[in-house]
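Notes follow once the structure below has been shown.
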Amino acid sequence: MKPAKINVVVDGAKRSVADMPVPMRDAVKRAIEANRTRPGALLPILHAVQDALGYVPPESLALIARELNLTRAEVHGVVTFYHHFRSAPPGRVVVQICRAEACQALGARALEAHAKKMLGIDFHETTGDGAITLEPVYCLGNCGCGPSLLIGDDELHARVTPAVFDELVKTARVAT
Amino acid sequence: MSAVKIFVPRDATALALGAEATARAIVDEAKKRGVEIELVRNGSRGMFWLEPLVEVATSNGRIAYGPVKAGDVAALFDADFLHGGTHALRIGAVEDQPWFKSQNRLCFARVGITDPLSVDDYVAHGGYAGLRNALPMAGADIVKAVTDSGLRGRGGAAFPTGIKWRTVLDAPNGASAVLGVQAEQKYIVCNADEGDSGTFSDRMLMEGDPLCLVEGMAIAGVAVGATQGYIYLRSEYPHAYRALNAAIANAYAAGWLGKNIRGSEVSFDLEVRLGAGAYICGEETSLLDSLEGKRGQVRFKPPLPAIKGLFGKPTVINNVISFASVPIILEKGAEFYRDYGVGRSRGTLPIQLAGNLKRTGLVEKAFGVTLRELLYDYGGGSLSGRPIRAVQVGGPLGAYMPESQFDTVLDYEAFAAVGAMLGHGGIVAFDDTVDMLEQARYAMEFCAAESCGKCTPCRIGSTRGVELIDRIRANIERDKNLATLDDLCNTMRFGSLCALGGLTPDPVVSALKHFAEDFV
């Protein structure tokens with residue numbers, strides 16, 4: 001029997017440091033320099049890169065790997081293991097809807113369905129106008145007042161009904 | 001006239017309910033009226049149905065008003081709330097509320113009362129009394145106090161904290177930092193990856209009294225001779241991240257962290273590290289790998305983290321509430337703490353009421369209270385007004401409990417005896433509109449999304465579990481698929497490397513057992 005053909009294409013695996021625009025490369029270098037001496041530096045570096053650029057560019061992995069004396073596969077493995085790190089730029093606003101049980105008990109399933117329908121996208125996708133990226137999140141620690149959602153880095157909302165959701169999205173679109 | 005002190009919480013739930021706008025409105029209104037106020041951003045008292053809860057320091061003590069929306073502020077000024085004036089939103093003193101009064105707030109004694117970031121305020125309310133006592137003590141005596149208190153790991157596994165500390169204290173090549181002997185590096189790691197749905201006590205404590213955690217970790221450092229601590233905080237908690245960093249900076253400035261704490265021989269450094277949205281990193285060995293900058297994959301045990309933990313060194317790793325329970329034990333003694341509780345569950349548990357309940361929030365009680373008291377006396381029954389049908393305790397890996405089990409007392413062993421798990425003390429109530437087959441399916445789906453992928457039963461079993469439940473729903477070979485699901489749960493329970501795969505069957509099997517009618 002012939003072995004199954006394995007053909008894994010990893011986005012950006014072939015992209016190299018030279019492909020990075022200068023401002024991006026500088027941001028990545030700054031993130032590395034600020035954290036490289038810390039024990040277990042990789043996660044702090046990836047956080048710093050994503051904070052600066054909104055995502056971890058696949059073409060930055062080779063540089064990070066070289067500076068930490070890791071293989072590019074190791075860095076890729078870490079980036080893709082964690083839900084928080086993204087490999088492509090998000091929309092202007094990231095909206096995270098809590099899917100966990102405490103929010104389910106107060107209507108999170110209906111909110112999730114409404115959000116996808118209203119925005120016309122599924123989780124991990126961005127609206128056509130580049131305004132909103134929708135992400136699932138498993139608990140925001142606001143379990144007493146669900147359904148919860150998080151807009152951007154720290155704008156937490158409680159008791160979000162579909163009507164409140166529409167209002168929040170409208171505001172977010174205007175704000176960007 | 002001196003400035004009136006007004007408290008508006010900066011707790012994430014209070015903020016989600018509009019506390020920031022309320023605080024701004026109070027400042028603006030005071031300015032407009034030429035009244036001098038001092039705004040304190042405290043933690044939450046844990047009564048979420050009253051958030052944003054505004055408190056005013058009057059000559060008759062603190063008077064609370066809630067829930068105060070920004071639009072209510074002008075009317076409150078009109079009602080002279082600065083002197084405790086009458087208004088429809090006036091609650092009175094929080095301490096007089098039956099919901100609050102009947103609690104045993106040991107760990108949460110200061111949460112909602114003090115300015116979370118102020119070391120002076122912390123000390124004025126009994127803070128650092130525990131570490132002050134611990135500084136001159138021998139490590140073994142501190143460990144003994146923690147052991148004698150009966151404190152068990154509050155993260156969920158309920159392993160005796162003192163035994164864990166003892167193992168690290170006795171770890172090979174270890175020597176006490178107090179003696180200044182060149183010892184092998186040991187670490188104190190706080191598991192602040194509170195990912196279980198229905199739990200938020202860690203978050204509330206880190207936002208409302210972060211110095212209590214800082215003190216608890218420093219005491220652990222003194223006890224086992226560790227000079228470096230890390231708090232591994234989940235990235236979903238941005239407010240806690242800011243509060244911890246500010247509190248740590250203030251503790252350094254006041255000499256409670258760093259070299260030669262308060263002039264003693266003891267040194268302890270502390271740093272917050274952010275996770276990156278992986279539920280599995282709440283499992284202690286995954287957390288350690290993540291802290292080391294790797295994929296957060298579960299390690300084989302042994303060796304225990306107490307022997308080979310962070311960077312291969314002896315490591316105390318405990319939950320936020322475990323560490324935060326230590327200062328009071330060192331302040332008031334092991335017996336004081338042990339006198340609370342029942343059976344082998346000693347002390348208090350900060351219980352989190354969540355989901356479909358009228359009065360959600362934080363209730364710290366001695367072990368021994370029943371689930372029913374919490375759901376109805378404290379929780380006030382369901383928010384929707386419909387009957388409470390199922391309750392999940394202990395997070396997404398906890399069993400679903402039916403009404404017939406509501407008289408179970410909060411006690412690790414009592415919960416285990418009915419096939420449930422107390423865990424981190426999160427209680428999520430569902431009314432009778434819940435579809436238990438969907439909840440069972442979600443448990444498998446969640447496990448599939450969050451599995452670290454190291455062991456097969458968890459990685460593959462969870463996906464197969466979703467498929468089986470879908471087939472049962474579609475009525476395809478129902479009996480055969482139910483039998484296979486049972487068999488799969490058995491494999492996951494006994495064949496998985498850690499609690500994620502090992503306990504995912506609990507919500508599934510309990511749903512099948514107690515709510516079989518939903519699987520027809």
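Residue numbers start at 1 in each chain; chains themselves are named A, B, ... in the order of the structure tokens; ligands are numbered from 1 in the order shown.
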From a DSSP calculation on the backbone, collect every residue of segment 125-214 of chain B in strand (DSSP E or B) and output the set as an MDAnalysis selection string. chainID B and resid 152 160 187:192
Keeping only N, CA and C atoms, write those residues as a tab-separated table (two decimals), in the first residue's frame.
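result32.tsv, freshly written:
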```tsv
chain	number	residue	atom	x	y	z
B	152	ARG	N	-6.33	23.00	52.20
B	152	ARG	CA	-6.13	22.14	51.03
B	152	ARG	C	-6.24	23.00	49.78
B	160	PRO	N	-3.42	18.67	50.25
B	160	PRO	CA	-3.00	19.47	51.42
B	160	PRO	C	-1.80	20.37	51.10
B	187	TYR	N	11.37	27.80	43.42
B	187	TYR	CA	10.40	28.79	42.92
B	187	TYR	C	9.05	28.67	43.63
B	188	ILE	N	8.39	29.81	43.71
B	188	ILE	CA	7.00	29.86	44.13
B	188	ILE	C	6.20	30.28	42.90
B	189	VAL	N	5.26	29.46	42.49
B	189	VAL	CA	4.46	29.79	41.32
B	189	VAL	C	2.99	29.82	41.70
B	190	CYS	N	2.34	30.90	41.30
B	190	CYS	CA	0.91	30.99	41.56
B	190	CYS	C	0.14	30.67	40.29
B	191	ASN	N	-0.75	29.72	40.41
B	191	ASN	CA	-1.63	29.35	39.30
B	191	ASN	C	-2.83	30.30	39.31
B	192	ALA	N	-2.74	31.33	38.48
B	192	ALA	CA	-3.83	32.29	38.36
B	192	ALA	C	-4.47	32.16	36.98
```
Surrounding residues of segment 128-140 of chain A excluding itself and chain neighbours under 4 positions, 8 Å, only C-alpha atoms, as a list in words: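 So, after excluding close chain neighbours, the residues are Pro90, Gly91, Arg92, Val93, Val94, Val95, Gln96, Ile97, Cys98, Arg99, Ala100, Ile121, Asp122, Phe123, His124, Ser148, Leu149, Leu150, Arg173 and Thr176 of chain A; Gly195, Asp196, Ser197, Glu236, Tyr237 and Tyr279 of chain B.
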Write out the residues from the selection above, keeping N, CA and C atoms, as an mmCIF file, in the first residue's frame.
```
data_model
loop_
_atom_site.group_PDB
_atom_site.id
_atom_site.type_symbol
_atom_site.label_atom_id
_atom_site.label_comp_id
_atom_site.auth_asym_id
_atom_site.auth_seq_id
_atom_site.Cartn_x
_atom_site.Cartn_y
_atom_site.Cartn_z
ATOM 1 N N PRO A 90 -5.992 40.997 12.581
ATOM 2 C CA PRO A 90 -7.433 40.966 12.823
ATOM 3 C C PRO A 90 -8.105 42.206 12.252
ATOM 4 N N GLY A 91 -9.427 42.253 12.369
ATOM 5 C CA GLY A 91 -10.155 43.463 12.001
ATOM 6 C C GLY A 91 -9.810 44.586 12.971
ATOM 7 N N ARG A 92 -10.406 45.744 12.738
ATOM 8 C CA ARG A 92 -10.058 46.893 13.583
ATOM 9 C C ARG A 92 -10.490 46.682 15.028
ATOM 10 N N VAL A 93 -11.574 45.932 15.221
ATOM 11 C CA VAL A 93 -12.036 45.631 16.578
ATOM 12 C C VAL A 93 -12.216 44.121 16.711
ATOM 13 N N VAL A 94 -11.670 43.563 17.784
ATOM 14 C CA VAL A 94 -11.876 42.143 18.048
ATOM 15 C C VAL A 94 -12.970 42.004 19.105
ATOM 16 N N VAL A 95 -14.012 41.256 18.768
ATOM 17 C CA VAL A 95 -15.103 41.013 19.700
ATOM 18 C C VAL A 95 -15.049 39.546 20.126
ATOM 19 N N GLN A 96 -14.910 39.317 21.430
ATOM 20 C CA GLN A 96 -14.848 37.949 21.941
ATOM 21 C C GLN A 96 -16.120 37.632 22.716
ATOM 22 N N ILE A 97 -16.803 36.584 22.289
ATOM 23 C CA ILE A 97 -18.030 36.179 22.968
ATOM 24 C C ILE A 97 -17.749 34.959 23.840
ATOM 25 N N CYS A 98 -18.174 35.032 25.093
ATOM 26 C CA CYS A 98 -17.944 33.900 25.991
ATOM 27 C C CYS A 98 -18.896 32.769 25.642
ATOM 28 N N ARG A 99 -18.339 31.572 25.499
ATOM 29 C CA ARG A 99 -19.128 30.391 25.150
ATOM 30 C C ARG A 99 -19.326 29.461 26.347
ATOM 31 N N ALA A 100 -18.789 29.808 27.512
ATOM 32 C CA ALA A 100 -18.740 28.846 28.611
ATOM 33 C C ALA A 100 -20.091 28.707 29.321
ATOM 34 N N ILE A 121 -20.569 36.381 9.649
ATOM 35 C CA ILE A 121 -19.291 35.658 9.707
ATOM 36 C C ILE A 121 -19.348 34.587 10.775
ATOM 37 N N ASP A 122 -18.409 33.653 10.713
ATOM 38 C CA ASP A 122 -18.273 32.630 11.741
ATOM 39 C C ASP A 122 -17.159 33.079 12.702
ATOM 40 N N PHE A 123 -16.962 32.301 13.755
ATOM 41 C CA PHE A 123 -15.840 32.577 14.653
ATOM 42 C C PHE A 123 -14.528 32.569 13.866
ATOM 43 N N HIS A 124 -13.569 33.328 14.312
ATOM 44 C CA HIS A 124 -12.228 33.465 13.726
ATOM 45 C C HIS A 124 -12.258 34.203 12.388
ATOM 46 N N SER A 148 -21.458 37.357 28.574
ATOM 47 C CA SER A 148 -20.385 38.344 28.615
ATOM 48 C C SER A 148 -19.699 38.443 27.270
ATOM 49 N N LEU A 149 -19.223 39.614 26.965
ATOM 50 C CA LEU A 149 -18.325 39.724 25.820
ATOM 51 C C LEU A 149 -17.280 40.795 26.079
ATOM 52 N N LEU A 150 -16.189 40.646 25.355
ATOM 53 C CA LEU A 150 -15.057 41.552 25.517
ATOM 54 C C LEU A 150 -14.792 42.235 24.180
ATOM 55 N N ARG A 173 -18.136 50.130 15.412
ATOM 56 C CA ARG A 173 -17.892 50.473 14.004
ATOM 57 C C ARG A 173 -17.649 51.965 13.848
ATOM 58 N N THR A 176 -14.179 53.226 15.054
ATOM 59 C CA THR A 176 -12.953 52.951 14.278
ATOM 60 C C THR A 176 -13.004 53.673 12.960
ATOM 61 N N GLY B 195 -9.533 29.330 34.582
ATOM 62 C CA GLY B 195 -10.279 29.177 33.340
ATOM 63 C C GLY B 195 -11.633 28.516 33.483
ATOM 64 N N ASP B 196 -11.927 27.961 34.655
ATOM 65 C CA ASP B 196 -13.201 27.263 34.840
ATOM 66 C C ASP B 196 -14.368 28.229 34.747
ATOM 67 N N SER B 197 -15.340 27.849 33.933
ATOM 68 C CA SER B 197 -16.537 28.673 33.872
ATOM 69 C C SER B 197 -17.234 28.646 35.237
ATOM 70 N N GLU B 236 -7.018 36.539 29.715
ATOM 71 C CA GLU B 236 -8.393 37.040 29.678
ATOM 72 C C GLU B 236 -8.687 37.988 30.835
ATOM 73 N N TYR B 237 -7.715 38.201 31.719
ATOM 74 C CA TYR B 237 -7.931 39.045 32.895
ATOM 75 C C TYR B 237 -7.098 40.326 32.838
ATOM 76 N N TYR B 279 -6.759 26.855 28.138
ATOM 77 C CA TYR B 279 -7.369 26.343 29.366
ATOM 78 C C TYR B 279 -6.467 25.332 30.057
#
```
With a distance cut-off of 8 Å and only C-alpha atoms, select the neighbouring residues of segment 453-464 of chain B, excluding the residue or stretch itself and same-chain residues fewer than 6 positions from it, and output the selection as number ranges by chain. B: 297-298, 444-445, 447, 488, 491-492, 495-497, 500-502
Based on the selection just made, write C-alpha atoms of those residues as a PDB file, in the first residue's frame.
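Okay, this is what ended up in part.pdb:
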```pdb
ATOM      1  CA  GLN B 297       1.625  20.440  27.404  1.00  0.00           C
ATOM      2  CA  VAL B 298       1.035  18.219  30.387  1.00  0.00           C
ATOM      3  CA  MET B 444     -16.741  17.022  24.802  1.00  0.00           C
ATOM      4  CA  GLU B 445     -16.452  19.951  22.388  1.00  0.00           C
ATOM      5  CA  CYS B 447     -12.252  19.197  25.734  1.00  0.00           C
ATOM      6  CA  LEU B 488     -15.338   5.973  25.603  1.00  0.00           C
ATOM      7  CA  THR B 491     -11.310   5.056  28.490  1.00  0.00           C
ATOM      8  CA  MET B 492     -10.947   8.804  28.891  1.00  0.00           C
ATOM      9  CA  GLY B 495      -6.481   6.518  30.292  1.00  0.00           C
ATOM     10  CA  SER B 496      -5.909  10.260  30.230  1.00  0.00           C
ATOM     11  CA  LEU B 497      -2.764  11.894  31.472  1.00  0.00           C
ATOM     12  CA  LEU B 500      -8.915  17.485  31.469  1.00  0.00           C
ATOM     13  CA  GLY B 501      -9.369  14.189  29.676  1.00  0.00           C
ATOM     14  CA  GLY B 502      -9.896  12.340  32.939  1.00  0.00           C
TER      15      GLY B 502
END
```
Compute the chain B side of the contact with chain A at 6 Å, counting only C-alpha atoms, and hand it back as a list in words. Thr13, Ala16, Leu17, Ser197, Gly198, Phe200, Glu236, Pro238, Ala276, Gly277, Ala278, Leu291, Glu292, Gly293, Arg295, Ala354, Gly355, Asn356, Thr360, Gly361, Val428 and Phe430 of chain B
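Atom CA of Leu50 of chain B lies 22.2 Å from atom CA of Leu349 of chain B.
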Among the residues of segment 23-261 of chain B, find those DSSP assigns to alpha helix (DSSP H) from the backbone and print them as number ranges by chain. B: 23-33, 73-78, 98-101, 119-124, 129-134, 139-149, 161-169, 201-208, 210-224, 238-253
Just to be explicit: take each residue in the selection above, keep C-alpha atoms, and write the result as a PDB file, in the first residue's frame.
```
ATOM      1  CA  ALA B  23     -17.289  56.990  38.791  1.00  0.00           C
ATOM      2  CA  ARG B  24     -16.869  59.656  36.117  1.00  0.00           C
ATOM      3  CA  ALA B  25     -20.353  60.999  36.738  1.00  0.00           C
ATOM      4  CA  ILE B  26     -19.646  61.277  40.474  1.00  0.00           C
ATOM      5  CA  VAL B  27     -16.415  63.188  39.872  1.00  0.00           C
ATOM      6  CA  ASP B  28     -18.084  65.520  37.368  1.00  0.00           C
ATOM      7  CA  GLU B  29     -21.128  66.141  39.539  1.00  0.00           C
ATOM      8  CA  ALA B  30     -18.979  66.870  42.589  1.00  0.00           C
ATOM      9  CA  LYS B  31     -16.928  69.340  40.590  1.00  0.00           C
ATOM     10  CA  LYS B  32     -20.068  71.005  39.290  1.00  0.00           C
ATOM     11  CA  ARG B  33     -21.409  71.408  42.795  1.00  0.00           C
ATOM     12  CA  VAL B  73     -25.732  60.252  40.231  1.00  0.00           C
ATOM     13  CA  ALA B  74     -27.290  63.727  40.133  1.00  0.00           C
ATOM     14  CA  ALA B  75     -30.330  62.501  42.061  1.00  0.00           C
ATOM     15  CA  LEU B  76     -28.051  60.938  44.678  1.00  0.00           C
ATOM     16  CA  PHE B  77     -26.319  64.261  45.207  1.00  0.00           C
ATOM     17  CA  ASP B  78     -29.744  65.897  45.505  1.00  0.00           C
ATOM     18  CA  PRO B  98     -28.121  39.380  55.777  1.00  0.00           C
ATOM     19  CA  TRP B  99     -26.457  38.122  52.586  1.00  0.00           C
ATOM     20  CA  PHE B 100     -23.172  39.599  53.714  1.00  0.00           C
ATOM     21  CA  LYS B 101     -23.442  39.319  57.489  1.00  0.00           C
ATOM     22  CA  VAL B 119       0.126  49.286  50.945  1.00  0.00           C
ATOM     23  CA  ASP B 120      -0.753  51.668  53.791  1.00  0.00           C
ATOM     24  CA  ASP B 121      -4.415  50.785  53.532  1.00  0.00           C
ATOM     25  CA  TYR B 122      -3.525  47.100  53.392  1.00  0.00           C
ATOM     26  CA  VAL B 123      -1.423  47.317  56.536  1.00  0.00           C
ATOM     27  CA  ALA B 124      -4.065  49.421  58.301  1.00  0.00           C
ATOM     28  CA  ALA B 129       0.694  40.745  59.979  1.00  0.00           C
ATOM     29  CA  GLY B 130       1.152  37.193  58.667  1.00  0.00           C
ATOM     30  CA  LEU B 131       4.441  37.863  56.914  1.00  0.00           C
ATOM     31  CA  ARG B 132       5.675  39.902  59.884  1.00  0.00           C
ATOM     32  CA  ASN B 133       5.116  36.819  62.045  1.00  0.00           C
ATOM     33  CA  ALA B 134       6.650  34.517  59.455  1.00  0.00           C
ATOM     34  CA  GLY B 139      10.731  27.435  57.477  1.00  0.00           C
ATOM     35  CA  ALA B 140       9.654  24.171  59.044  1.00  0.00           C
ATOM     36  CA  ASP B 141       7.499  26.012  61.587  1.00  0.00           C
ATOM     37  CA  ILE B 142       5.719  27.980  58.875  1.00  0.00           C
ATOM     38  CA  VAL B 143       5.084  24.783  56.955  1.00  0.00           C
ATOM     39  CA  LYS B 144       3.780  23.186  60.146  1.00  0.00           C
ATOM     40  CA  ALA B 145       1.331  26.037  60.699  1.00  0.00           C
ATOM     41  CA  VAL B 146       0.009  25.652  57.152  1.00  0.00           C
ATOM     42  CA  THR B 147      -0.230  21.878  57.566  1.00  0.00           C
ATOM     43  CA  ASP B 148      -1.988  22.174  60.925  1.00  0.00           C
ATOM     44  CA  SER B 149      -4.491  24.652  59.516  1.00  0.00           C
ATOM     45  CA  THR B 161      -0.984  22.653  50.934  1.00  0.00           C
ATOM     46  CA  GLY B 162       1.338  22.002  53.869  1.00  0.00           C
ATOM     47  CA  ILE B 163       2.450  18.658  52.451  1.00  0.00           C
ATOM     48  CA  LYS B 164       3.292  20.279  49.137  1.00  0.00           C
ATOM     49  CA  TRP B 165       5.345  22.934  50.914  1.00  0.00           C
ATOM     50  CA  ARG B 166       7.062  20.317  53.075  1.00  0.00           C
ATOM     51  CA  THR B 167       8.195  18.456  49.963  1.00  0.00           C
ATOM     52  CA  VAL B 168       9.747  21.608  48.517  1.00  0.00           C
ATOM     53  CA  LEU B 169      11.322  22.538  51.854  1.00  0.00           C
ATOM     54  CA  SER B 201     -12.833  34.351  43.057  1.00  0.00           C
ATOM     55  CA  ASP B 202      -9.203  34.477  41.923  1.00  0.00           C
ATOM     56  CA  ARG B 203      -9.986  37.417  39.685  1.00  0.00           C
ATOM     57  CA  MET B 204     -11.893  39.245  42.420  1.00  0.00           C
ATOM     58  CA  LEU B 205      -9.101  38.750  44.899  1.00  0.00           C
ATOM     59  CA  MET B 206      -6.385  39.823  42.477  1.00  0.00           C
ATOM     60  CA  GLU B 207      -8.351  42.939  41.577  1.00  0.00           C
ATOM     61  CA  GLY B 208      -9.715  43.645  45.041  1.00  0.00           C
ATOM     62  CA  PRO B 210      -3.798  41.787  45.269  1.00  0.00           C
ATOM     63  CA  LEU B 211      -1.412  42.407  48.159  1.00  0.00           C
ATOM     64  CA  CYS B 212      -2.962  39.483  50.010  1.00  0.00           C
ATOM     65  CA  LEU B 213      -1.742  37.183  47.230  1.00  0.00           C
ATOM     66  CA  VAL B 214       1.640  38.928  47.187  1.00  0.00           C
ATOM     67  CA  GLU B 215       1.947  38.406  50.948  1.00  0.00           C
ATOM     68  CA  GLY B 216       0.896  34.754  50.766  1.00  0.00           C
ATOM     69  CA  MET B 217       3.483  34.020  48.111  1.00  0.00           C
ATOM     70  CA  ALA B 218       6.202  35.806  50.077  1.00  0.00           C
ATOM     71  CA  ILE B 219       5.329  33.680  53.116  1.00  0.00           C
ATOM     72  CA  ALA B 220       5.647  30.571  50.941  1.00  0.00           C
ATOM     73  CA  GLY B 221       9.041  31.851  49.814  1.00  0.00           C
ATOM     74  CA  VAL B 222      10.191  32.298  53.395  1.00  0.00           C
ATOM     75  CA  ALA B 223       8.836  28.870  54.319  1.00  0.00           C
ATOM     76  CA  VAL B 224      10.613  26.822  51.661  1.00  0.00           C
ATOM     77  CA  PRO B 238      -6.541  42.435  31.775  1.00  0.00           C
ATOM     78  CA  HIS B 239      -7.884  44.245  34.839  1.00  0.00           C
ATOM     79  CA  ALA B 240      -6.264  41.816  37.236  1.00  0.00           C
ATOM     80  CA  TYR B 241      -3.005  42.163  35.292  1.00  0.00           C
ATOM     81  CA  ARG B 242      -2.930  45.895  35.866  1.00  0.00           C
ATOM     82  CA  ALA B 243      -3.932  45.601  39.516  1.00  0.00           C
ATOM     83  CA  LEU B 244      -1.264  42.981  40.242  1.00  0.00           C
ATOM     84  CA  ASN B 245       1.511  44.897  38.529  1.00  0.00           C
ATOM     85  CA  ALA B 246       0.623  48.104  40.352  1.00  0.00           C
ATOM     86  CA  ALA B 247       0.340  46.327  43.707  1.00  0.00           C
ATOM     87  CA  ILE B 248       3.669  44.554  43.195  1.00  0.00           C
ATOM     88  CA  ALA B 249       5.392  47.853  42.322  1.00  0.00           C
ATOM     89  CA  ASN B 250       3.960  49.417  45.479  1.00  0.00           C
ATOM     90  CA  ALA B 251       5.033  46.435  47.587  1.00  0.00           C
ATOM     91  CA  TYR B 252       8.592  46.792  46.245  1.00  0.00           C
ATOM     92  CA  ALA B 253       8.564  50.525  46.995  1.00  0.00           C
TER      93      ALA B 253
END
```
Nearest residue to Tyr337 of chain B from the set B:Thr433, B:Ser325, B:Asn481, B:Thr315 (distances using only C-alpha atoms):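 Under the stated criterion, the closest residue is B:Ser325.
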Here is a test: counting only C-alpha atoms, which residue of A:Asp19, A:Glu112, A:Glu167, A:Glu125 is nearest to Leu61 of chain A?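 Under the stated criterion, the closest residue is A:Asp19.
Pairwise distance (atom CA of Ala429 of chain B, atom CA of Gly92 of chain B) equals 28.9 Å.
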Mind checking which residues fall within 12 Å of Met47 of chain B, counting only C-alpha atoms, ignoring those fewer than 6 positions away in the same chain, and posting them as a VMD selection string? (chain A and resid 144 to 145) or (chain B and resid 9 11 13 to 14 53 to 54 64 to 67 91 94 to 95 97 to 100 111 to 112 204 352 to 354 358 to 364 378 to 379)
Once you have the residues from the selection above, write them out as an mmCIF file, in the first residue's frame, restricted to C-alpha atoms.
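Saved result, again.cif, follows:
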```cif
data_model
loop_
_atom_site.group_PDB
_atom_site.id
_atom_site.type_symbol
_atom_site.label_atom_id
_atom_site.label_comp_id
_atom_site.auth_asym_id
_atom_site.auth_seq_id
_atom_site.Cartn_x
_atom_site.Cartn_y
_atom_site.Cartn_z
ATOM 1 C CA GLY A 144 -22.321 36.156 37.623
ATOM 2 C CA CYS A 145 -23.638 38.523 34.975
ATOM 3 C CA PRO B 9 -15.398 49.432 42.477
ATOM 4 C CA ASP B 11 -13.695 45.109 39.753
ATOM 5 C CA THR B 13 -17.771 42.751 36.790
ATOM 6 C CA ALA B 14 -18.580 46.168 38.258
ATOM 7 C CA LEU B 53 -22.272 49.541 44.338
ATOM 8 C CA VAL B 54 -21.242 52.973 45.541
ATOM 9 C CA ALA B 64 -23.964 51.795 50.302
ATOM 10 C CA TYR B 65 -26.117 52.664 47.319
ATOM 11 C CA GLY B 66 -26.750 50.374 44.399
ATOM 12 C CA PRO B 67 -27.013 49.636 41.624
ATOM 13 C CA ILE B 91 -28.855 49.912 50.849
ATOM 14 C CA VAL B 94 -23.073 46.408 53.634
ATOM 15 C CA GLU B 95 -22.138 44.627 56.875
ATOM 16 C CA GLN B 97 -27.079 42.939 54.881
ATOM 17 C CA PRO B 98 -28.121 39.380 55.777
ATOM 18 C CA TRP B 99 -26.457 38.122 52.586
ATOM 19 C CA PHE B 100 -23.172 39.599 53.714
ATOM 20 C CA VAL B 111 -11.892 42.856 49.342
ATOM 21 C CA GLY B 112 -14.214 45.772 48.610
ATOM 22 C CA MET B 204 -11.893 39.245 42.420
ATOM 23 C CA GLN B 352 -18.915 31.807 43.416
ATOM 24 C CA LEU B 353 -22.607 31.937 42.524
ATOM 25 C CA ALA B 354 -23.016 32.112 38.785
ATOM 26 C CA LYS B 358 -31.046 36.180 41.045
ATOM 27 C CA ARG B 359 -28.270 37.118 43.421
ATOM 28 C CA THR B 360 -24.964 36.075 41.939
ATOM 29 C CA GLY B 361 -21.628 36.954 43.415
ATOM 30 C CA LEU B 362 -19.106 35.870 45.982
ATOM 31 C CA VAL B 363 -20.010 34.123 49.238
ATOM 32 C CA GLU B 364 -17.159 33.111 51.510
ATOM 33 C CA TYR B 378 -27.987 33.314 48.950
ATOM 34 C CA GLY B 379 -28.715 32.966 45.244
#
```
Excluding Lys513 of chain B and any residue of its chain fewer than 2 positions from it, enumerate the residues within 12 Å of it, using only C-alpha atoms, and give them as number ranges by chain. B: 399-402, 419, 436-437, 440, 482, 486, 505-511, 515-519
Find the residues near Lys365 of chain B: any atom within 10 Å, counting only C-alpha atoms, skip ones fewer than 3 places away on the same chain, and give them as a list in words. Ser102, Gln103, Asn104, Arg105, Leu106, Tyr340, Gly341, Gly347, Thr348, Leu349, Pro350, Ile351, Leu362, Gly368, Val369, Leu374 and Leu410 of chain B
Leaving out Lys117 of chain A and any residue of its chain fewer than 6 positions from it, which residues lie within 12 Å of it when counting only C-alpha atoms, given as a PyMOL selection string? chain A and resi 110-111+123+127+134+162+165-166
